[in-house]
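Student: Input structure: model_12.cif, which contains mmCIF, C-alpha atoms.
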```cif
data_model
loop_
_atom_site.group_PDB
_atom_site.id
_atom_site.type_symbol
_atom_site.label_atom_id
_atom_site.label_comp_id
_atom_site.auth_asym_id
_atom_site.auth_seq_id
_atom_site.Cartn_x
_atom_site.Cartn_y
_atom_site.Cartn_z
ATOM 1 C CA MET A 1 156.803 107.584 114.227
ATOM 2 C CA ILE A 2 153.828 105.329 114.852
ATOM 3 C CA LYS A 3 152.318 103.409 111.954
ATOM 4 C CA SER A 4 149.026 101.908 112.981
ATOM 5 C CA GLU A 5 145.329 102.125 112.281
ATOM 6 C CA LEU A 6 145.067 103.533 115.797
ATOM 7 C CA SER A 7 147.247 106.490 114.938
ATOM 8 C CA ALA A 8 144.406 108.364 113.197
ATOM 9 C CA ASN A 9 144.303 111.108 115.825
ATOM 10 C CA LEU A 10 148.017 111.326 116.382
ATOM 11 C CA SER A 11 149.850 114.241 114.870
ATOM 12 C CA PRO A 12 152.462 113.165 112.301
ATOM 13 C CA ASN A 13 155.146 114.452 114.661
ATOM 14 C CA ASP A 14 153.925 112.514 117.710
ATOM 15 C CA TYR A 15 156.433 109.946 118.854
ATOM 16 C CA ILE A 16 156.140 106.907 121.121
ATOM 17 C CA SER A 17 159.020 104.622 121.975
ATOM 18 C CA VAL A 18 159.397 101.740 124.422
ATOM 19 C CA GLN A 19 163.097 101.000 124.490
ATOM 20 C CA HIS A 20 166.033 99.569 126.432
ATOM 21 C CA ASP A 21 168.406 102.363 125.492
ATOM 22 C CA ASP A 22 168.752 105.677 127.274
ATOM 23 C CA PHE A 23 167.454 108.857 125.612
ATOM 24 C CA ASP A 24 168.857 112.355 125.111
ATOM 25 C CA LEU A 25 166.791 115.155 126.689
ATOM 26 C CA ALA A 26 168.300 117.817 124.433
ATOM 27 C CA HIS A 27 167.367 115.801 121.341
ATOM 28 C CA GLU A 28 163.799 115.363 122.606
ATOM 29 C CA TYR A 29 163.487 119.059 123.399
ATOM 30 C CA ARG A 30 164.813 120.069 119.964
ATOM 31 C CA ASN A 31 162.167 117.912 118.285
ATOM 32 C CA LEU A 32 159.407 119.529 120.356
ATOM 33 C CA ALA A 33 160.711 123.068 119.921
ATOM 34 C CA ASN A 34 160.634 122.701 116.151
ATOM 35 C CA ASN A 35 156.961 123.659 115.684
ATOM 36 C CA SER A 36 156.589 127.361 114.833
ATOM 37 C CA GLN A 37 152.905 127.382 115.892
ATOM 38 C CA CYS A 38 153.853 126.429 119.453
ATOM 39 C CA GLY A 39 155.076 128.899 122.054
ATOM 40 C CA ALA A 40 155.366 126.420 124.905
ATOM 41 C CA VAL A 41 157.191 123.158 125.541
ATOM 42 C CA VAL A 42 156.730 121.254 128.825
ATOM 43 C CA THR A 43 158.816 118.174 129.520
ATOM 44 C CA PHE A 44 158.928 115.658 132.348
ATOM 45 C CA CYS A 45 161.659 113.131 133.026
ATOM 46 C CA GLY A 46 161.377 110.354 135.640
ATOM 47 C CA LEU A 47 164.496 108.856 137.244
ATOM 48 C CA VAL A 48 165.380 105.812 139.340
ATOM 49 C CA ARG A 49 165.289 106.967 142.980
ATOM 50 C CA ASP A 50 167.366 105.482 145.815
ATOM 51 C CA MET A 51 164.524 104.999 148.287
ATOM 52 C CA ASN A 52 161.070 103.539 147.615
ATOM 53 C CA GLN A 53 158.367 102.323 150.007
ATOM 54 C CA GLY A 54 160.977 102.221 152.790
ATOM 55 C CA ASN A 55 163.600 100.194 150.943
ATOM 56 C CA GLN A 56 167.096 101.168 149.812
ATOM 57 C CA VAL A 57 166.936 100.646 146.047
ATOM 58 C CA VAL A 58 170.083 99.737 144.110
ATOM 59 C CA ALA A 59 168.555 98.950 140.706
ATOM 60 C CA LEU A 60 165.294 98.041 139.061
ATOM 61 C CA GLU A 61 163.963 95.979 136.208
ATOM 62 C CA LEU A 62 160.996 97.032 134.106
ATOM 63 C CA GLU A 63 158.735 94.498 132.433
ATOM 64 C CA HIS A 64 156.030 95.415 129.938
ATOM 65 C CA TYR A 65 153.375 93.971 127.625
ATOM 66 C CA PRO A 66 154.791 94.552 124.128
ATOM 67 C CA GLY A 67 152.113 95.870 121.800
ATOM 68 C CA MET A 68 149.664 96.873 124.504
ATOM 69 C CA THR A 69 152.161 99.305 126.025
ATOM 70 C CA GLU A 70 152.461 101.255 122.766
ATOM 71 C CA LYS A 71 148.703 101.044 122.130
ATOM 72 C CA SER A 72 147.915 102.351 125.655
ATOM 73 C CA LEU A 73 150.298 105.279 125.186
ATOM 74 C CA MET A 74 148.614 106.152 121.870
ATOM 75 C CA ASP A 75 145.208 105.991 123.555
ATOM 76 C CA ILE A 76 146.431 108.405 126.242
ATOM 77 C CA ILE A 77 147.735 110.872 123.652
ATOM 78 C CA ASN A 78 144.347 110.694 121.903
ATOM 79 C CA LEU A 79 142.559 111.403 125.199
ATOM 80 C CA ALA A 80 144.847 114.376 125.857
ATOM 81 C CA ARG A 81 144.222 115.733 122.360
ATOM 82 C CA GLN A 82 140.480 115.648 123.022
ATOM 83 C CA ARG A 83 140.962 117.974 126.021
ATOM 84 C CA TRP A 84 143.698 120.378 124.955
ATOM 85 C CA GLN A 85 145.033 122.030 121.829
ATOM 86 C CA LEU A 86 148.418 120.395 121.479
ATOM 87 C CA GLY A 87 151.270 120.685 119.032
ATOM 88 C CA ASP A 88 153.439 117.581 119.298
ATOM 89 C CA VAL A 89 153.664 114.881 121.963
ATOM 90 C CA ARG A 90 156.669 112.641 122.600
ATOM 91 C CA ILE A 91 156.690 109.736 125.076
ATOM 92 C CA ILE A 92 159.618 107.431 125.777
ATOM 93 C CA HIS A 93 159.542 104.645 128.368
ATOM 94 C CA ARG A 94 162.524 102.467 129.081
ATOM 95 C CA VAL A 95 162.313 98.746 129.913
ATOM 96 C CA GLY A 96 164.846 96.208 131.151
ATOM 97 C CA LYS A 97 167.486 96.753 133.829
ATOM 98 C CA LEU A 98 168.096 100.284 135.124
ATOM 99 C CA SER A 99 170.548 101.579 137.732
ATOM 100 C CA LEU A 100 170.188 104.392 140.276
ATOM 101 C CA ASN A 101 169.699 107.853 138.759
ATOM 102 C CA GLU A 102 169.051 106.514 135.278
ATOM 103 C CA GLN A 103 166.246 108.040 133.211
ATOM 104 C CA ILE A 104 163.093 105.881 133.109
ATOM 105 C CA VAL A 105 160.446 107.910 131.348
ATOM 106 C CA PHE A 106 160.087 111.044 129.246
ATOM 107 C CA VAL A 107 156.918 112.960 128.408
ATOM 108 C CA GLY A 108 157.146 116.117 126.324
ATOM 109 C CA VAL A 109 154.292 118.255 125.028
ATOM 110 C CA SER A 110 154.260 121.402 122.915
ATOM 111 C CA SER A 111 151.317 123.777 122.581
ATOM 112 C CA GLN A 112 150.472 127.315 121.556
ATOM 113 C CA HIS A 113 150.257 128.516 125.172
ATOM 114 C CA ARG A 114 151.790 127.089 128.350
ATOM 115 C CA THR A 115 148.641 126.005 130.241
ATOM 116 C CA ASP A 116 147.695 123.320 127.702
ATOM 117 C CA ALA A 117 151.232 121.907 127.679
ATOM 118 C CA PHE A 118 151.515 121.874 131.510
ATOM 119 C CA ASP A 119 148.123 120.213 131.964
ATOM 120 C CA ALA A 120 148.545 117.689 129.148
ATOM 121 C CA CYS A 121 152.001 116.649 130.398
ATOM 122 C CA GLN A 122 150.621 116.009 133.893
ATOM 123 C CA PHE A 123 147.559 114.218 132.478
ATOM 124 C CA ILE A 124 149.717 111.918 130.339
ATOM 125 C CA MET A 125 151.977 111.019 133.292
ATOM 126 C CA ASP A 126 148.996 110.386 135.605
ATOM 127 C CA PHE A 127 147.392 108.048 133.062
ATOM 128 C CA LEU A 128 150.714 106.385 132.232
ATOM 129 C CA LYS A 129 151.204 105.488 135.910
ATOM 130 C CA THR A 130 147.837 103.762 136.217
ATOM 131 C CA LYS A 131 146.851 102.473 132.739
ATOM 132 C CA VAL A 132 149.961 101.391 130.857
ATOM 133 C CA PRO A 133 151.091 97.768 131.314
ATOM 134 C CA LEU A 134 154.523 98.259 132.868
ATOM 135 C CA TRP A 135 155.788 96.665 136.082
ATOM 136 C CA LYS A 136 158.798 97.532 138.225
ATOM 137 C CA LYS A 137 160.796 94.977 140.149
ATOM 138 C CA GLU A 138 163.229 96.613 142.542
ATOM 139 C CA GLN A 139 166.514 95.272 143.781
ATOM 140 C CA SER A 140 167.208 96.664 147.231
ATOM 141 C CA THR A 141 169.615 95.933 150.045
ATOM 142 C CA GLU A 142 166.731 93.849 151.507
ATOM 143 C CA GLY A 143 166.348 91.708 148.387
ATOM 144 C CA GLU A 144 164.224 91.703 145.231
ATOM 145 C CA TYR A 145 160.544 92.538 145.220
ATOM 146 C CA TRP A 146 157.766 93.743 142.903
ATOM 147 C CA VAL A 147 156.734 97.345 143.500
ATOM 148 C CA ASN A 148 153.202 97.796 144.836
ATOM 149 C CA ALA A 149 150.801 100.118 143.030
ATOM 150 C CA ARG A 150 150.179 103.331 144.979
ATOM 151 C CA GLN A 151 146.750 104.518 146.013
ATOM 152 C CA THR A 152 147.910 108.114 145.497
ATOM 153 C CA ASP A 153 148.490 107.400 141.785
ATOM 154 C CA GLN A 154 144.895 106.189 141.482
ATOM 155 C CA GLN A 155 143.668 109.362 143.178
ATOM 156 C CA GLN A 156 145.742 111.525 140.825
ATOM 157 C CA VAL A 157 144.072 109.986 137.775
ATOM 158 C CA LYS A 158 140.587 110.232 139.309
ATOM 159 C CA LYS A 159 140.821 113.994 139.502
ATOM 160 C CA TRP A 160 140.919 114.103 135.657
ATOM 161 C CA ILE A 161 137.889 111.825 135.323
ATOM 162 C CA SER A 162 135.509 113.356 137.873
ATOM 163 C CA MET B 1 142.810 81.529 122.548
ATOM 164 C CA LYS B 2 146.106 82.974 123.711
ATOM 165 C CA ILE B 3 146.526 83.664 127.444
ATOM 166 C CA LEU B 4 149.381 85.832 128.756
ATOM 167 C CA PHE B 5 150.609 86.593 132.275
ATOM 168 C CA PHE B 6 152.832 89.460 133.371
ATOM 169 C CA GLY B 7 154.709 90.792 136.387
ATOM 170 C CA GLN B 8 154.427 89.099 139.741
ATOM 171 C CA LEU B 9 151.499 86.966 138.553
ATOM 172 C CA ARG B 10 153.690 85.517 135.770
ATOM 173 C CA GLU B 11 156.326 84.658 138.396
ATOM 174 C CA LEU B 12 153.867 83.142 140.882
ATOM 175 C CA LEU B 13 152.219 80.925 138.230
ATOM 176 C CA ASN B 14 155.550 80.319 136.512
ATOM 177 C CA VAL B 15 153.818 80.687 133.135
ATOM 178 C CA THR B 16 154.326 83.432 130.560
ATOM 179 C CA GLU B 17 151.950 82.265 127.860
ATOM 180 C CA LEU B 18 149.576 79.432 127.161
ATOM 181 C CA GLN B 19 147.328 78.377 124.312
ATOM 182 C CA LEU B 20 143.790 77.335 125.210
ATOM 183 C CA ASP B 21 141.741 75.121 122.885
ATOM 184 C CA ALA B 22 138.505 75.820 124.738
ATOM 185 C CA THR B 23 136.665 79.139 124.342
ATOM 186 C CA PRO B 24 135.077 80.176 127.655
ATOM 187 C CA SER B 25 132.133 82.537 127.133
ATOM 188 C CA ASP B 26 133.571 85.434 129.116
ATOM 189 C CA VAL B 27 136.529 86.434 131.314
ATOM 190 C CA SER B 28 134.825 85.068 134.454
ATOM 191 C CA ALA B 29 134.404 81.663 132.821
ATOM 192 C CA LEU B 30 138.023 81.749 131.643
ATOM 193 C CA LEU B 31 139.225 82.506 135.191
ATOM 194 C CA GLU B 32 137.158 79.602 136.501
ATOM 195 C CA HIS B 33 138.594 77.318 133.808
ATOM 196 C CA LEU B 34 142.184 78.330 134.694
ATOM 197 C CA SER B 35 141.550 78.157 138.452
ATOM 198 C CA ALA B 36 140.379 74.561 138.111
ATOM 199 C CA GLN B 37 144.001 73.537 137.380
ATOM 200 C CA ASN B 38 144.964 73.529 141.054
ATOM 201 C CA ASP B 39 144.565 75.364 144.366
ATOM 202 C CA GLN B 40 147.570 77.602 143.776
ATOM 203 C CA TRP B 41 146.180 78.905 140.503
ATOM 204 C CA ARG B 42 142.810 79.422 142.166
ATOM 205 C CA GLN B 43 144.441 81.399 144.969
ATOM 206 C CA TYR B 44 146.567 83.646 142.729
ATOM 207 C CA LEU B 45 143.817 84.267 140.163
ATOM 208 C CA SER B 46 141.200 85.085 142.807
ATOM 209 C CA SER B 47 142.958 88.281 143.880
ATOM 210 C CA ASP B 48 140.641 91.276 143.474
ATOM 211 C CA SER B 49 143.489 93.445 142.291
ATOM 212 C CA ILE B 50 144.243 91.406 139.148
ATOM 213 C CA LEU B 51 143.648 93.306 135.919
ATOM 214 C CA VAL B 52 142.600 91.788 132.611
ATOM 215 C CA ALA B 53 143.189 92.978 129.065
ATOM 216 C CA VAL B 54 141.303 91.495 126.120
ATOM 217 C CA ASN B 55 143.027 92.070 122.777
ATOM 218 C CA GLN B 56 145.338 94.568 124.473
ATOM 219 C CA THR B 57 142.548 96.735 125.913
ATOM 220 C CA LEU B 58 141.849 96.920 129.656
ATOM 221 C CA SER B 59 138.625 95.054 130.271
ATOM 222 C CA ASP B 60 136.650 93.345 133.032
ATOM 223 C CA LYS B 61 135.286 89.970 134.107
ATOM 224 C CA HIS B 62 132.090 90.379 132.090
ATOM 225 C CA CYS B 63 133.866 90.836 128.763
ATOM 226 C CA LYS B 64 132.697 88.240 126.197
ATOM 227 C CA LEU B 65 135.400 86.151 124.563
ATOM 228 C CA ASN B 66 135.960 84.760 121.075
ATOM 229 C CA GLU B 67 138.105 81.898 119.792
ATOM 230 C CA HIS B 68 141.047 84.006 118.597
ATOM 231 C CA ASP B 69 141.182 86.543 121.424
ATOM 232 C CA GLU B 70 144.368 87.393 123.287
ATOM 233 C CA VAL B 71 143.681 87.647 127.012
ATOM 234 C CA ALA B 72 146.263 88.921 129.495
ATOM 235 C CA PHE B 73 146.168 88.857 133.298
ATOM 236 C CA PHE B 74 148.459 91.041 135.387
ATOM 237 C CA PRO B 75 148.807 92.907 138.701
ATOM 238 C CA PRO B 76 148.176 96.683 138.986
ATOM 239 C CA VAL B 77 150.669 98.551 136.801
ATOM 240 C CA THR B 78 153.691 100.351 138.263
ATOM 241 C CA GLY B 79 155.435 102.120 135.382
ATOM 242 C CA GLY B 80 156.529 105.714 135.158
#
```
Rewrite the structure of this file - the entire thing - as structure tokens.
Tutor:
Amino acid sequence: MIKSELSANLSPNDYISVQHDDFDLAHEYRNLANNSQCGAVVTFCGLVRDMNQGNQVVALELEHYPGMTEKSLMDIINLARQRWQLGDVRIIHRVGKLSLNEQIVFVGVSSQHRTDAFDACQFIMDFLKTKVPLWKKEQSTEGEYWVNARQTDQQQVKKWIS
Amino acid sequence: MKILFFGQLRELLNVTELQLDATPSDVSALLEHLSAQNDQWRQYLSSDSILVAVNQTLSDKHCKLNEHDEVAFFPPVTGG
């Protein structure tokens, strides 16, 4: 649970974690499915993929800006709550070294009806990809390199703003 | 004033954090102050894609600065 002056608009059951350790999808789902006012739970999980921007990826390392990462995620939840009626929101982002197929990120949203949960989950991921201070460095068969930001991610977030 | 660097920019400059005694009036002035160190710093900090956060909030070059601010420079983010 988040304790901060910024948490004013967060629901007491909202959860944000930036962590090295892996997470358990079933545990996350159970926490979201625990709200009797909500009839919908939408979850997203991002994984380490074997091919990126033309390179064969074997592992990656995630760096972040401690403090700002958590604050940015809270800001995004607040923005989502201004647009949709949401039950609980849970966001987990892993940092440090990750191997192929490992879980990187989790976003889960509950709401009364499915549309709000679907939209809010997508909104949170789109903003996370372009506003939260996290950086991926990939290790590929060609060597180590920093991942470039994608124009398509910027376009995804613009569609929520316009 | 505390200055932080992240990601590829941190690697290129080979600096994670530095403490600045001066207080430049805004982010532009701070960038000019840092760039004056040497040509490499000027080159890396002049990239249009560099983002700036002041006190952990995304900001821009016109943002005014105060003595105890925390300012971070970093490349476009690539999480998720």
Student: Check every residue of chain B for an atom within 10 Å of chain A, counting all atoms listed in the file, and provide those that qualify as a PyMOL selection string.
Tutor: chain B and resi 4-8+49+51+53+55-58+72+74-80
Student: Selection in question (the file shown): the PyMOL selection byres ((chain B and resi 21) around 10). Which residues does it include, as a ChimeraX atom specification?
Tutor: /B:1-2,18-20,22-24,67-68
Student: For each of B:Leu9, B:Ile3, B:Asp39, B:Val27, take the minimum atom-to-atom distance to B:His62, counting only C-alpha atoms, then give the residue where this is smallest.
Tutor: B:Val27
Student: Can you report as JSON the centre and edge lengths in Å, to one decimal, of an axis-aligned box around the listed atoms of stretch 140-157 of chain A padded with 5 Å on each side?
Tutor:
```
{"center_x": 156.6, "center_y": 101.6, "center_z": 144.6, "size_x": 35.9, "size_y": 29.8, "size_z": 23.7}
```
Student: Applying 12 Å and all atoms listed in the file, which residues near A:Arg30 remain after dropping the ones on its own chain fewer than 2 positions away? List them as a VMD selection string.
Tutor: chain A and resid 24 to 28 32 to 35 41 43 88 90 108 to 110
Student: Grab the atom CA of A:Ala40 to atom CA of A:Arg114 distance for me, in Å with one decimal place.
Tutor: 5.0 Å
Student: How many Å separate atom CA of A:Val42 from atom CA of A:Ser99?
Tutor: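 One can read the atom CA of A:Val42 to atom CA of A:Ser99 distance as 25.6 Å.
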Student: So how many Å separate atom CA of A:Leu86 and atom CA of A:Thr115, to one decimal?
Tutor: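 Distance between the two atoms: 10.4 Å.
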Student: Of the candidates B:Ser46, B:Gln40, B:Ser35, B:Ser25, which shows the shortest atom-to-atom distance to B:Asn66, using only C-alpha atoms?
Tutor: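 Of B:Ser46, B:Gln40, B:Ser35, B:Ser25, the one nearest B:Asn66 is B:Ser25, counting only C-alpha atoms.
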Student: What residues come out when you apply the PyMOL selection byres ((chain A and resi 50) around 9) to this file, written as an NGL selection string?
Tutor: :A and (48-49 or 51-52 or 55-59 or 100-101 or 140)
